[in-house]
$ cat upload17.txt   # compact mmCIF, C-alpha atoms
# COMPACT_ATOMS: atom_id res chain seq x y z
CA MET A 267 0.00 0.00 0.00
CA LYS A 268 1.29 3.43 -0.97
CA TYR A 269 0.13 6.82 0.28
CA TYR A 270 0.04 10.05 -1.70
CA SER A 271 -0.10 13.65 -0.54
CA LEU A 272 -3.40 15.46 -0.97
CA ASN A 273 -1.35 18.46 -2.13
CA HIS A 274 -0.07 16.24 -4.99
CA ASN A 275 3.47 17.62 -4.88
CA ALA A 276 5.40 14.93 -2.98
CA PRO A 277 6.46 11.32 -3.68
CA SER A 278 4.19 8.45 -2.67
CA VAL A 279 5.42 6.53 0.38
CA ASP A 280 4.64 3.32 2.26
CA PHE A 281 2.93 3.01 5.66
CA LYS A 282 6.20 3.26 7.58
CA GLU A 283 7.33 6.45 5.87
CA ALA A 284 3.89 8.07 6.12
CA THR A 285 3.68 7.24 9.83
CA MET A 286 7.13 8.55 10.63
CA ARG A 287 6.67 11.74 8.61
CA GLY A 288 3.11 12.46 9.80
CA GLN A 289 2.68 15.05 7.07
CA ALA A 290 4.01 15.00 3.51
CA PRO A 291 6.93 17.32 2.58
CA ASP A 292 4.51 19.50 0.60
CA LYS A 293 2.44 19.92 3.82
CA GLY A 294 -0.37 17.73 2.47
CA LEU A 295 -2.09 14.90 4.35
CA TYR A 296 -1.36 11.35 3.26
CA PHE A 297 -4.15 9.29 1.71
CA PRO A 298 -4.12 5.61 0.62
CA GLU A 299 -3.77 4.97 -3.12
CA ARG A 300 -6.55 2.41 -2.85
CA ILE A 301 -9.20 1.54 -0.28
CA PRO A 302 -9.18 -2.23 0.38
CA VAL A 303 -12.45 -4.16 0.30
CA PRO A 304 -12.61 -7.36 2.39
CA ASP A 305 -14.03 -10.60 1.05
CA PRO A 306 -17.85 -10.70 1.50
CA ASN A 307 -17.41 -13.67 3.86
CA PHE A 308 -15.70 -11.29 6.26
CA PHE A 309 -18.99 -9.48 6.85
CA HIS A 310 -21.04 -12.68 6.87
CA ASN A 311 -18.86 -14.18 9.60
CA ILE A 312 -18.08 -11.03 11.58
CA GLU A 313 -20.25 -11.98 14.57
CA ASN A 314 -18.12 -15.10 15.09
CA MET A 315 -14.76 -13.33 14.89
CA ALA A 316 -12.71 -11.99 17.80
CA ASP A 317 -12.33 -8.22 17.92
CA GLU A 318 -8.58 -8.51 17.35
CA GLU A 319 -9.13 -10.69 14.27
CA ILE A 320 -11.56 -8.15 12.81
CA ALA A 321 -9.08 -5.32 13.41
CA PHE A 322 -6.27 -7.29 11.78
CA HIS A 323 -8.32 -7.88 8.61
CA VAL A 324 -9.17 -4.17 8.48
CA ILE A 325 -5.71 -2.68 9.03
CA GLN A 326 -3.29 -5.20 7.50
CA PRO A 327 -3.83 -4.10 3.88
CA TYR A 328 -2.97 -0.52 4.91
CA VAL A 329 0.18 -1.61 6.75
CA GLY A 330 1.36 -3.96 4.01
CA ASN A 331 4.76 -5.55 4.59
CA THR A 332 6.13 -2.68 6.72
CA ILE A 333 5.32 -4.59 9.95
CA PRO A 334 5.58 -8.41 10.23
CA ILE A 335 2.26 -10.17 10.80
CA ASP A 336 3.11 -11.43 14.28
CA GLU A 337 4.28 -7.95 15.33
CA LEU A 338 1.16 -6.33 13.90
CA LYS A 339 -1.03 -8.78 15.79
CA ARG A 340 0.81 -7.91 19.00
CA ILE A 341 0.23 -4.22 18.35
CA ILE A 342 -3.48 -4.82 17.74
CA ASN A 343 -3.83 -6.96 20.87
CA GLU A 344 -2.27 -4.22 23.00
CA THR A 345 -4.39 -1.57 21.28
CA LEU A 346 -7.71 -3.36 21.86
CA SER A 347 -7.12 -4.31 25.48
CA PHE A 348 -10.50 -2.92 26.57
CA PRO A 349 -14.13 -3.39 25.43
CA ILE A 350 -15.99 -1.23 22.88
CA PRO A 351 -19.63 -2.05 23.67
CA LEU A 352 -22.75 -1.03 21.76
CA VAL A 353 -25.34 -0.13 24.40
CA LYS A 354 -29.08 -0.02 23.71
CA LEU A 355 -30.94 3.08 24.92
CA THR A 356 -34.16 2.64 22.94
CA ASP A 357 -35.37 0.45 20.07
CA GLN A 358 -34.02 3.12 17.69
CA VAL A 359 -30.97 4.53 19.46
CA PHE A 360 -27.76 2.89 20.65
CA ALA A 361 -24.56 4.31 22.17
CA LEU A 362 -21.18 3.09 20.95
CA GLU A 363 -19.03 3.51 24.06
CA LEU A 364 -15.49 4.41 23.08
CA PHE A 365 -14.30 5.51 26.53
CA HIS A 366 -13.19 2.30 28.24
CA GLY A 367 -9.47 2.76 27.55
CA PRO A 368 -6.77 4.02 29.93
CA THR A 369 -7.54 7.75 29.40
CA LEU A 370 -11.31 7.27 29.09
CA ALA A 371 -11.55 8.65 25.54
CA PHE A 372 -11.98 7.26 22.03
CA LYS A 373 -8.52 8.48 21.06
CA ASP A 374 -6.91 5.72 23.14
CA VAL A 375 -7.28 3.32 20.20
CA GLY A 376 -5.50 5.49 17.65
CA ALA A 377 -2.86 6.70 20.11
CA ARG A 378 -2.00 3.20 21.33
CA PHE A 379 -1.83 1.81 17.79
CA MET A 380 0.33 4.66 16.53
CA SER A 381 2.71 4.66 19.51
CA ARG A 382 3.41 0.98 19.07
CA CYS A 383 3.89 1.30 15.30
CA LEU A 384 6.26 4.22 15.82
CA GLY A 385 8.10 2.33 18.55
CA TYR A 386 8.61 -0.57 16.14
CA PHE A 387 9.78 1.68 13.30
CA SER A 388 12.16 3.57 15.61
CA ARG A 389 13.69 0.51 17.28
CA ASN A 390 17.02 0.72 15.41
CA LYS A 391 17.21 4.50 14.92
CA THR A 392 19.91 6.51 16.68
CA GLN A 393 18.15 9.86 16.14
CA LYS A 394 15.42 10.67 18.65
CA GLN A 395 11.90 11.05 17.25
CA ILE A 396 9.88 14.11 18.38
CA VAL A 397 6.11 13.72 18.30
CA LEU A 398 4.23 17.03 18.09
CA VAL A 399 0.56 17.17 18.94
CA ALA A 400 -1.98 19.95 19.37
CA THR A 401 -4.98 19.00 21.46
CA SER A 402 -8.40 20.46 22.13
CA GLY A 403 -8.95 17.99 24.97
CA ASP A 404 -8.73 14.22 24.73
CA THR A 405 -5.95 13.76 22.17
CA GLY A 406 -3.29 15.05 24.57
CA GLY A 407 -4.05 12.58 27.34
CA ALA A 408 -4.39 9.64 24.96
CA VAL A 409 -1.11 10.43 23.21
CA ALA A 410 0.69 11.06 26.50
CA ASN A 411 -0.45 7.71 27.86
CA GLY A 412 0.21 5.84 24.62
CA PHE A 413 3.79 7.15 24.23
CA TYR A 414 4.77 7.30 27.91
CA GLU A 415 8.27 5.83 28.32
CA VAL A 416 8.41 4.68 24.67
CA GLU A 417 12.15 4.51 24.05
CA GLY A 418 13.61 6.93 21.53
CA VAL A 419 10.50 9.15 21.39
CA ASP A 420 9.79 12.48 23.08
CA VAL A 421 6.26 13.94 22.93
CA VAL A 422 5.47 17.66 22.93
CA ILE A 423 1.79 18.49 23.54
CA LEU A 424 0.33 21.96 22.97
CA TYR A 425 -3.02 22.70 24.58
CA PRO A 426 -5.10 25.90 24.94
CA SER A 427 -4.95 27.35 28.42
CA GLY A 428 -8.26 27.26 30.27
CA LYS A 429 -10.04 25.46 27.44
CA VAL A 430 -9.64 21.83 28.49
CA SER A 431 -11.31 20.19 31.48
CA SER A 432 -9.43 19.66 34.74
CA VAL A 433 -9.30 15.89 34.20
CA GLN A 434 -8.05 16.30 30.64
CA GLU A 435 -5.34 18.69 31.84
CA GLN A 436 -4.21 16.30 34.56
CA GLN A 437 -3.97 13.45 32.06
CA LEU A 438 -1.63 15.33 29.73
CA THR A 439 0.46 17.29 32.25
CA THR A 440 1.28 14.89 35.10
CA LEU A 441 3.34 12.11 33.48
CA GLY A 442 6.67 13.86 32.95
CA LYS A 443 9.70 11.93 31.65
CA ASN A 444 9.38 11.91 27.84
CA ILE A 445 6.04 13.78 27.86
CA HIS A 446 6.27 17.60 27.66
CA ALA A 447 3.18 19.83 27.94
CA LEU A 448 3.00 23.42 26.65
CA GLU A 449 0.05 25.51 27.88
CA VAL A 450 -0.68 28.02 25.12
CA ASN A 451 -2.45 31.34 25.71
CA GLY A 452 -4.79 30.86 22.76
CA ASN A 453 -7.25 28.36 21.29
CA PHE A 454 -6.84 24.95 19.63
CA ASP A 455 -6.40 26.42 16.16
CA ASP A 456 -3.50 28.52 17.49
CA CYS A 457 -1.89 25.36 18.89
CA GLN A 458 -2.43 23.52 15.62
CA GLN A 459 -0.95 26.40 13.63
CA LEU A 460 2.23 26.34 15.73
CA VAL A 461 2.58 22.62 15.03
CA LYS A 462 2.05 23.19 11.30
CA GLN A 463 4.69 25.93 11.31
CA ALA A 464 7.16 23.54 12.89
CA PHE A 465 6.53 20.90 10.24
CA GLY A 466 7.02 23.51 7.53
CA ASP A 467 10.26 24.84 9.03
CA ALA A 468 13.11 23.44 6.88
CA ASP A 469 15.80 24.54 9.33
CA LEU A 470 14.06 22.84 12.26
CA ASN A 471 13.46 19.64 10.30
CA GLU A 472 17.14 19.41 9.41
CA LYS A 473 17.98 19.23 13.11
CA LEU A 474 15.05 17.13 14.40
CA PHE A 475 13.00 14.15 13.24
CA LEU A 476 9.45 15.46 13.69
CA THR A 477 6.17 13.62 13.33
CA SER A 478 2.57 14.27 14.36
CA ALA A 479 0.26 12.31 16.64
CA ASN A 480 -2.90 14.19 15.66
CA SER A 481 -5.35 12.36 13.43
CA ILE A 482 -3.55 13.85 10.44
CA ASN A 483 -1.11 10.93 10.97
CA ILE A 484 -2.38 7.84 9.17
CA ALA A 485 -1.39 5.57 12.06
CA ARG A 486 -3.72 7.60 14.31
CA TRP A 487 -6.46 8.02 11.73
CA LEU A 488 -6.83 4.58 10.10
CA PRO A 489 -7.36 2.41 13.23
CA GLN A 490 -10.40 4.50 14.13
CA GLN A 491 -12.17 2.30 11.58
CA PHE A 492 -12.09 -0.46 14.20
CA TYR A 493 -14.92 1.17 16.15
CA TYR A 494 -17.37 0.89 13.29
CA PHE A 495 -16.55 -2.66 12.27
CA LEU A 496 -16.90 -3.71 15.92
CA ALA A 497 -20.21 -1.82 16.13
CA TRP A 498 -21.49 -3.72 13.08
CA LYS A 499 -20.47 -6.98 14.76
CA GLN A 500 -22.83 -6.05 17.62
CA TRP A 501 -25.56 -4.38 15.53
CA PRO A 502 -28.80 -6.33 16.21
CA ASP A 503 -30.61 -5.68 12.91
CA LYS A 504 -28.29 -6.72 10.07
CA LYS A 505 -31.09 -6.18 7.51
CA ASN A 506 -31.36 -2.53 8.51
CA PRO A 507 -27.93 -0.82 8.53
CA PRO A 508 -27.46 1.94 11.11
CA VAL A 509 -27.41 5.68 10.83
CA VAL A 510 -24.09 6.68 12.41
CA SER A 511 -23.75 9.95 14.33
CA VAL A 512 -20.17 11.03 15.09
CA PRO A 513 -19.27 14.02 17.30
CA SER A 514 -17.00 15.95 14.96
CA GLY A 515 -14.25 18.50 15.58
CA ASN A 516 -11.19 17.77 13.47
CA PHE A 517 -13.28 15.21 11.51
CA GLY A 518 -10.77 12.34 11.77
CA ASN A 519 -13.19 9.95 13.48
CA LEU A 520 -16.01 10.58 11.00
CA CYS A 521 -13.55 10.34 8.11
CA ALA A 522 -12.40 6.91 9.32
CA ALA A 523 -16.04 5.78 9.52
CA MET A 524 -16.68 6.92 5.95
CA LEU A 525 -13.53 5.11 4.80
CA ALA A 526 -14.90 1.93 6.41
CA GLN A 527 -18.12 2.38 4.45
CA VAL A 528 -16.17 2.50 1.18
CA SER A 529 -14.56 -0.77 2.28
CA GLY A 530 -18.01 -2.34 2.35
CA LEU A 531 -19.18 -1.66 5.91
CA PRO A 532 -23.00 -1.32 5.88
CA VAL A 533 -24.02 2.21 6.93
CA LYS A 534 -27.33 3.82 5.99
CA HIS A 535 -26.29 7.44 6.53
CA PHE A 536 -23.72 9.54 8.41
CA ILE A 537 -24.24 12.50 10.70
CA ALA A 538 -21.53 15.00 11.56
CA ALA A 539 -22.64 16.09 15.02
CA CYS A 540 -21.07 19.50 15.59
CA ASN A 541 -21.24 22.16 18.25
CA ALA A 542 -21.26 25.92 17.54
CA ASN A 543 -18.22 25.57 15.27
CA ASP A 544 -19.94 25.51 11.88
CA THR A 545 -17.20 25.74 9.22
CA VAL A 546 -18.29 22.50 7.53
CA THR A 547 -21.98 23.34 7.83
CA GLU A 548 -21.45 26.60 5.95
CA PHE A 549 -19.29 24.88 3.35
CA LEU A 550 -22.06 22.40 2.54
CA GLN A 551 -24.48 25.31 2.20
CA THR A 552 -22.30 27.75 0.25
CA LYS A 553 -19.60 25.55 -1.38
CA ASN A 554 -17.12 28.01 0.09
CA TYR A 555 -14.70 26.58 2.66
CA GLN A 556 -13.87 29.42 5.03
CA PRO A 557 -11.91 28.58 8.21
CA LYS A 558 -13.05 30.43 11.31
CA LYS A 559 -11.73 31.22 14.74
CA ALA A 560 -12.75 28.38 17.05
CA VAL A 561 -15.63 29.05 19.45
CA ALA A 562 -15.28 27.68 23.00
CA THR A 563 -18.10 25.28 24.00
CA LEU A 564 -18.99 22.62 26.57
CA SER A 565 -17.89 19.97 24.05
CA ASN A 566 -14.37 21.37 23.98
CA ALA A 567 -12.66 18.55 22.06
CA MET A 568 -14.76 19.62 19.07
CA ASP A 569 -13.83 23.30 19.24
CA VAL A 570 -12.12 23.42 15.85
CA GLY A 571 -12.58 26.17 13.29
CA ASP A 572 -10.40 24.66 10.55
CA PRO A 573 -10.80 20.85 10.66
CA SER A 574 -7.72 19.22 9.13
CA ASN A 575 -9.33 15.93 8.14
CA PHE A 576 -12.21 17.37 6.15
CA ILE A 577 -9.99 17.37 3.06
CA ARG A 578 -9.77 13.59 3.40
CA ILE A 579 -13.56 13.34 3.45
CA LEU A 580 -13.67 15.33 0.22
CA GLU A 581 -11.10 12.95 -1.27
CA ILE A 582 -13.25 9.93 -0.32
CA VAL A 583 -16.14 11.34 -2.39
CA ASN A 584 -13.82 12.57 -5.18
CA HIS A 585 -14.73 16.16 -4.23
CA ASP A 586 -18.32 15.52 -5.37
CA LEU A 587 -20.33 17.78 -3.08
CA GLN A 588 -23.70 16.32 -4.09
CA LYS A 589 -22.47 12.81 -3.34
CA LEU A 590 -21.25 13.97 0.05
CA LYS A 591 -24.52 15.69 0.94
CA LYS A 592 -26.46 12.55 -0.01
CA ASN A 593 -24.41 10.48 2.45
CA LEU A 594 -23.84 13.04 5.22
CA SER A 595 -26.01 15.36 7.28
CA VAL A 596 -24.57 18.02 9.59
CA TYR A 597 -26.23 19.34 12.74
CA ASN A 598 -24.94 22.12 14.98
CA ILE A 599 -25.95 21.74 18.61
CA SER A 600 -25.81 24.63 21.07
CA ASP A 601 -24.42 24.44 24.62
CA GLU A 602 -27.95 24.94 25.95
CA GLU A 603 -29.20 21.97 23.91
CA THR A 604 -26.19 19.93 24.99
CA MET A 605 -26.81 20.48 28.69
CA GLN A 606 -30.54 19.87 28.33
CA THR A 607 -29.87 16.60 26.53
CA VAL A 608 -27.52 15.39 29.28
CA LYS A 609 -30.23 16.05 31.87
CA GLU A 610 -33.08 14.52 29.84
CA ILE A 611 -31.24 11.32 28.94
CA TYR A 612 -30.11 10.79 32.52
CA THR A 613 -33.68 11.29 33.76
CA ARG A 614 -35.24 9.19 31.00
CA HIS A 615 -32.74 6.32 30.72
CA HIS A 616 -30.45 6.76 33.74
CA TYR A 617 -27.62 7.02 31.21
CA LEU A 618 -25.03 9.73 31.76
CA LEU A 619 -23.66 11.37 28.61
CA ASP A 620 -20.54 13.44 28.27
CA PRO A 621 -21.08 16.72 26.33
CA HIS A 622 -19.67 15.27 23.09
CA GLY A 623 -21.90 12.22 23.31
CA ALA A 624 -24.83 14.53 24.04
CA VAL A 625 -24.15 16.41 20.80
CA GLY A 626 -23.99 13.07 18.97
CA TYR A 627 -27.21 11.84 20.57
CA LEU A 628 -29.24 14.97 19.83
CA ALA A 629 -28.03 15.16 16.23
CA LEU A 630 -29.09 11.54 15.74
CA GLU A 631 -32.46 12.21 17.40
CA LYS A 632 -33.07 15.17 15.07
CA TYR A 633 -32.31 13.04 12.01
CA LEU A 634 -34.48 10.13 13.18
CA ALA A 635 -37.40 12.50 13.74
CA GLY A 636 -37.59 12.86 9.95
CA HIS A 637 -36.77 9.18 9.26
CA PRO A 638 -39.01 7.24 11.67
CA VAL A 639 -38.16 3.74 10.37
CA ALA A 640 -34.40 4.24 10.68
CA LYS A 641 -32.23 3.15 13.59
CA GLY A 642 -28.78 4.29 14.55
CA PHE A 643 -26.03 4.79 17.05
CA PHE A 644 -23.97 7.72 18.23
CA ALA A 645 -20.35 7.61 19.34
CA GLU A 646 -20.01 8.30 23.07
CA THR A 647 -16.43 9.50 22.80
CA ALA A 648 -15.42 10.30 26.39
CA HIS A 649 -16.31 9.19 29.89
CA PRO A 650 -18.50 11.82 31.58
CA VAL A 651 -16.07 12.02 34.53
CA LYS A 652 -13.76 14.02 32.26
CA PHE A 653 -16.39 16.77 32.56
CA PHE A 654 -16.91 16.37 36.26
CA ASP A 655 -18.63 19.67 36.99
CA MET A 656 -21.33 19.01 34.42
CA ALA A 657 -21.74 15.28 35.09
CA GLY A 658 -21.69 15.67 38.86
CA SER A 659 -24.37 18.35 38.75
CA VAL A 660 -26.64 15.92 36.89
CA ALA A 661 -25.90 12.59 38.61
CA GLY A 662 -24.99 13.86 42.09
CA ASP A 663 -23.79 11.23 44.56
CA ASN A 664 -24.58 8.47 42.08
CA PHE A 665 -21.66 9.51 39.92
CA PRO A 666 -18.86 6.91 40.03
CA ILE A 667 -15.22 8.02 39.78
CA PRO A 668 -13.13 5.57 37.70
CA VAL A 669 -9.80 4.44 39.10
CA GLN A 670 -7.98 6.01 36.11
CA VAL A 671 -9.09 9.44 37.39
CA LYS A 672 -8.55 8.80 41.09
CA ASN A 673 -4.93 7.91 40.37
CA ILE A 674 -4.05 11.25 38.71
CA MET A 675 -6.07 14.00 40.37
CA ASN A 676 -3.56 14.64 43.17
CA LYS A 677 -0.48 14.51 40.93
CA LYS A 678 1.49 17.68 40.31
CA LYS A 679 0.89 19.50 37.03
CA GLN A 680 4.01 19.82 34.88
CA SER A 681 3.57 22.30 32.04
CA LEU A 682 5.23 25.35 30.53
CA GLU A 683 3.07 28.39 29.76
CA MET A 684 3.68 30.19 26.48
CA ASP A 685 2.11 32.80 24.22
CA ILE A 686 1.34 32.24 20.54
CA ASP A 687 5.01 32.68 19.75
CA TYR A 688 6.61 30.49 17.10
CA PRO A 689 10.24 31.57 17.76
CA PHE A 690 9.78 30.58 21.44
CA PHE A 691 8.26 27.25 20.38
CA LYS A 692 11.08 26.58 17.92
CA GLU A 693 13.72 27.30 20.55
CA PHE A 694 11.94 24.93 22.93
CA LEU A 695 12.06 22.17 20.31
CA LEU A 696 15.70 22.78 19.44
CA GLN A 697 16.73 21.71 22.94
CA PHE A 698 16.05 18.13 21.85
CA SER A 699 18.78 18.40 19.19
CA ARG A 700 21.50 19.33 21.67
$ encode --input "upload17.txt" --output "structure tokens"
Amino acid sequence: MKYYSLNHNAPSVDFKEATMRGQAPDKGLYFPERIPVPDPNFFHNIENMADEEIAFHVIQPYVGNTIPIDELKRIINETLSFPIPLVKLTDQVFALELFHGPTLAFKDVGARFMSRCLGYFSRNKTQKQIVLVATSGDTGGAVANGFYEVEGVDVVILYPSGKVSSVQEQQLTTLGKNIHALEVNGNFDDCQQLVKQAFGDADLNEKLFLTSANSINIARWLPQQFYYFLAWKQWPDKKNPPVVSVPSGNFGNLCAAMLAQVSGLPVKHFIAACNANDTVTEFLQTKNYQPKKAVATLSNAMDVGDPSNFIRILEIVNHDLQKLKKNLSVYNISDEETMQTVKEIYTRHHYLLDPHGAVGYLALEKYLAGHPVAKGFFAETAHPVKFFDMAGSVAGDNFPIPVQVKNIMNKKKQSLEMDIDYPFFKEFLLQFSR
């Protein structure tokens, strides 16, 4: 399998090279030259297959011969070391719980898979690898946990000051060792722009081996397909494929789901469940893609005004806007609607949503209101404890605190505050070359 740059001005590379680079030399995102389609028997027998076997069939064509089969199976087994259950709320609505990993967020899967791939690829390298990541919430903690103490790799995480939850901040700032947190006086897009500047800095890249752990990296993006194949394994009505609602910020998760559909995964329709950040919504209405300054919301991991992965979604549909609109609906959910949904679903079903899951639920409910015979699921992307103030106000004393959170809340925060200052950021990175 080869990968080409979506800017079409760089050589095609294999999975190893694309993973280690993160972004193509022409600053484009990598995209597979072909999308593999499993044998039909794969879908017929999926209910009888182990989760790890399903994941191997999905990802192996993308990896090719860059990782030996036994090593790839080990990586998958360590990646999927926790359940991904599909939970029934009503006859029409299910929740796909993606928060049972070590940092209680869906990004654990991609971060664990990528860290182990990068660890394998870097095993004989003498030059240290620097992983750069901007986070709007959950990515930072997942990447920090996934790469913690991985030999030969240092991780630098940029996060917007005051715009992540207290649990999220503890997860990405308390590990130390090879994990370095930078608290930026700005928003997520500012953090992401600093990372992009670093990747585009020829002088810096001569001195350091940089790669990204955001979902722009194929090793973070591609394994997110696992969720949707495992959901289909559990889907109770195989004659009626689901409508899939994905809370969407940088659009990597939704993009992976749409890639799985091209591979043959049965999906009736997709929903991009968004908060007040409406860049994609306006694009679908006007055909004019206009990045915006991110708006801060309760669902902070989705506070993205210029979603990097949307270009991959356009590539999947060959930039055919009508084809995209036929397969994808977009809903923007306000903070008021988000909070009301959390309260109503807890009262009605005794099920506690996090704000991102609430956006996904309400977007799905709005779609189903106009399609009464359809059924679907939404991705519940983070454990509600990561938004303790909101969840505790709804569930009160009935709110359980997972051990993963209890173990970090009293640890000392280790981060360096900085302004939106690229020269400062560059100088910080250059210390790793000395």
$ closest_atom_pairs --input "upload17.txt" --of "region 343-393 of chain A" --to "region 412-421 of chain A" --cutoff "8 Å" --atoms "all atoms listed in the file" --output "JSON lines"
{"residue": "A:Asp374", "atom": "CA", "partner": "A:Gly412", "partner_atom": "CA", "distance": 7.3}
{"residue": "A:Ala377", "atom": "CA", "partner": "A:Gly412", "partner_atom": "CA", "distance": 5.5}
{"residue": "A:Arg378", "atom": "CA", "partner": "A:Gly412", "partner_atom": "CA", "distance": 4.8}
{"residue": "A:Ser381", "atom": "CA", "partner": "A:Phe413", "partner_atom": "CA", "distance": 5.4}
{"residue": "A:Gly385", "atom": "CA", "partner": "A:Val416", "partner_atom": "CA", "distance": 6.6}
{"residue": "A:Ser388", "atom": "CA", "partner": "A:Gly418", "partner_atom": "CA", "distance": 7.0}
{"residue": "A:Arg389", "atom": "CA", "partner": "A:Gly418", "partner_atom": "CA", "distance": 7.7}
{"residue": "A:Lys391", "atom": "CA", "partner": "A:Gly418", "partner_atom": "CA", "distance": 7.9}
{"residue": "A:Thr392", "atom": "CA", "partner": "A:Gly418", "partner_atom": "CA", "distance": 8.0}
{"residue": "A:Gln393", "atom": "CA", "partner": "A:Gly418", "partner_atom": "CA", "distance": 7.6}
$ closest_residue --input "upload17.txt" --among "A:Glu313, A:Gln697, A:Arg578, A:Leu594" --to "Leu550 (chain A)" --atoms "all atoms listed in the file"
A:Leu594
$ residues_near_point --input "upload17.txt" --point "(-1.9, 7.3, 4.7)" --cutoff "8 Å" --atoms "only C-alpha atoms" --output "PyMOL selection string"
chain A and resi 268-270+281+284-285+295-298+328+483-485+488
$ write_last_selection --input "upload17.txt" --atoms "C-alpha atoms" --output "tab-separated table (two decimals), in the frame of the given file"
chain	number	residue	atom	x	y	z
A	268	LYS	CA	1.29	3.43	-0.97
A	269	TYR	CA	0.13	6.82	0.28
A	270	TYR	CA	0.04	10.05	-1.70
A	281	PHE	CA	2.93	3.01	5.66
A	284	ALA	CA	3.89	8.07	6.12
A	285	THR	CA	3.68	7.24	9.83
A	295	LEU	CA	-2.09	14.90	4.35
A	296	TYR	CA	-1.36	11.35	3.26
A	297	PHE	CA	-4.15	9.29	1.71
A	298	PRO	CA	-4.12	5.61	0.62
A	328	TYR	CA	-2.97	-0.52	4.91
A	483	ASN	CA	-1.11	10.93	10.97
A	484	ILE	CA	-2.38	7.84	9.17
A	485	ALA	CA	-1.39	5.57	12.06
A	488	LEU	CA	-6.83	4.58	10.10
$ residues_near_point --input "upload17.txt" --point "(-26.3, 6.0, 32.8)" --cutoff "10 Å" --atoms "all atoms listed in the file" --output "PyMOL selection string"
chain A and resi 355+611-619+650+661+664-665
$ residues_around --input "upload17.txt" --residues "Gly662 (chain A)" --least-positions-apart "6" --cutoff "12 Å" --atoms "only C-alpha atoms" --output "list in words"
Lys609, Tyr612, Leu618, Val651, Phe654, Asp655 and Met656 of chain A
$ closest_residue --input "upload17.txt" --among "A:Pro349, A:Gly367, A:Gly515, A:Pro489" --to "Asn411 (chain A)" --atoms "only C-alpha atoms"
A:Gly367
$ closest_residue --input "upload17.txt" --among "A:Glu581, A:Ala648, A:Glu683, A:Phe465" --to "Gly452 (chain A)" --atoms "all atoms listed in the file"
A:Glu683
$ closest_residue --input "upload17.txt" --among "A:Ser529, A:Asn275, A:Gln436, A:Thr563" --to "Ala410 (chain A)" --atoms "all atoms listed in the file"
A:Gln436
$ axis_aligned_box --input "upload17.txt" --around "region 493-508 of chain A" --padding-each-side "4 Å" --output "JSON"
{"center_x": -23.1, "center_y": -2.5, "center_z": 12.6, "size_x": 24.4, "size_y": 16.9, "size_z": 18.1}
$ residues_around --input "upload17.txt" --residues "Phe517 (chain A)" --least-positions-apart "3" --cutoff "10 Å" --atoms "only C-alpha atoms" --output "NGL selection string"
:A and (481-482 or 487 or 512-514 or 520-522 or 538 or 540 or 546 or 568 or 570 or 572-579)
$ closest_residue --input "upload17.txt" --among "A:Asn673, A:Thr477, A:Ser565, A:Ser681" --to "Asn543 (chain A)" --atoms "all atoms listed in the file"
A:Ser565
$ residues_around --input "upload17.txt" --residues "Ile333 (chain A)" --least-positions-apart "2" --cutoff "10 Å" --atoms "all atoms listed in the file" --output "ChimeraX atom specification"
/A:281-282,326,329-331,335-339,341,383,386-387
$ closest_residue --input "upload17.txt" --among "A:Ile582, A:Glu646, A:Asp601, A:Asn519" --to "Gln491 (chain A)" --atoms "all atoms listed in the file"
A:Asn519
$ atom_distance --input "upload17.txt" --atom1 "CA of Pro532 (chain A)" --atom2 "CA of Glu299 (chain A)"
22.1 Å
$ residues_around --input "upload17.txt" --residues "Leu460 (chain A)" --least-positions-apart "4" --cutoff "10 Å" --atoms "all atoms listed in the file" --output "list of chain:residue names"
A:Leu398, A:Val399, A:Ala400, A:Leu424, A:Val450, A:Phe454, A:Asp455, A:Asp456, A:Ala464, A:Phe465, A:Gly466, A:Ile686, A:Asp687, A:Tyr688, A:Pro689, A:Phe691, A:Lys692
$ atom_distance --input "upload17.txt" --atom1 "CA of Ile667 (chain A)" --atom2 "CA of His366 (chain A)"
13.0 Å
$ atom_distance --input "upload17.txt" --atom1 "CA of Ala567 (chain A)" --atom2 "CA of Thr604 (chain A)"
13.9 Å
$ decode --input "upload17.txt" --residues "region 453-459 of chain A" --atoms "N, CA and C atoms" --output "PDB file, in the first residue's frame"
ATOM      1  N   ASN A 453      -6.287  29.443  21.459  1.00  0.00           N
ATOM      2  CA  ASN A 453      -7.254  28.361  21.286  1.00  0.00           C
ATOM      3  C   ASN A 453      -6.603  27.186  20.553  1.00  0.00           C
ATOM      4  N   PHE A 454      -7.395  26.146  20.277  1.00  0.00           N
ATOM      5  CA  PHE A 454      -6.844  24.954  19.629  1.00  0.00           C
ATOM      6  C   PHE A 454      -6.239  25.270  18.271  1.00  0.00           C
ATOM      7  N   ASP A 455      -6.913  26.098  17.484  1.00  0.00           N
ATOM      8  CA  ASP A 455      -6.396  26.420  16.157  1.00  0.00           C
ATOM      9  C   ASP A 455      -5.033  27.106  16.242  1.00  0.00           C
ATOM     10  N   ASP A 456      -4.816  27.901  17.287  1.00  0.00           N
ATOM     11  CA  ASP A 456      -3.503  28.517  17.493  1.00  0.00           C
ATOM     12  C   ASP A 456      -2.446  27.443  17.765  1.00  0.00           C
ATOM     13  N   CYS A 457      -2.808  26.473  18.591  1.00  0.00           N
ATOM     14  CA  CYS A 457      -1.889  25.365  18.888  1.00  0.00           C
ATOM     15  C   CYS A 457      -1.573  24.585  17.614  1.00  0.00           C
ATOM     16  N   GLN A 458      -2.614  24.293  16.844  1.00  0.00           N
ATOM     17  CA  GLN A 458      -2.429  23.516  15.622  1.00  0.00           C
ATOM     18  C   GLN A 458      -1.578  24.283  14.611  1.00  0.00           C
ATOM     19  N   GLN A 459      -1.738  25.591  14.557  1.00  0.00           N
ATOM     20  CA  GLN A 459      -0.946  26.397  13.631  1.00  0.00           C
ATOM     21  C   GLN A 459       0.529  26.390  14.005  1.00  0.00           C
TER      22      GLN A 459
END
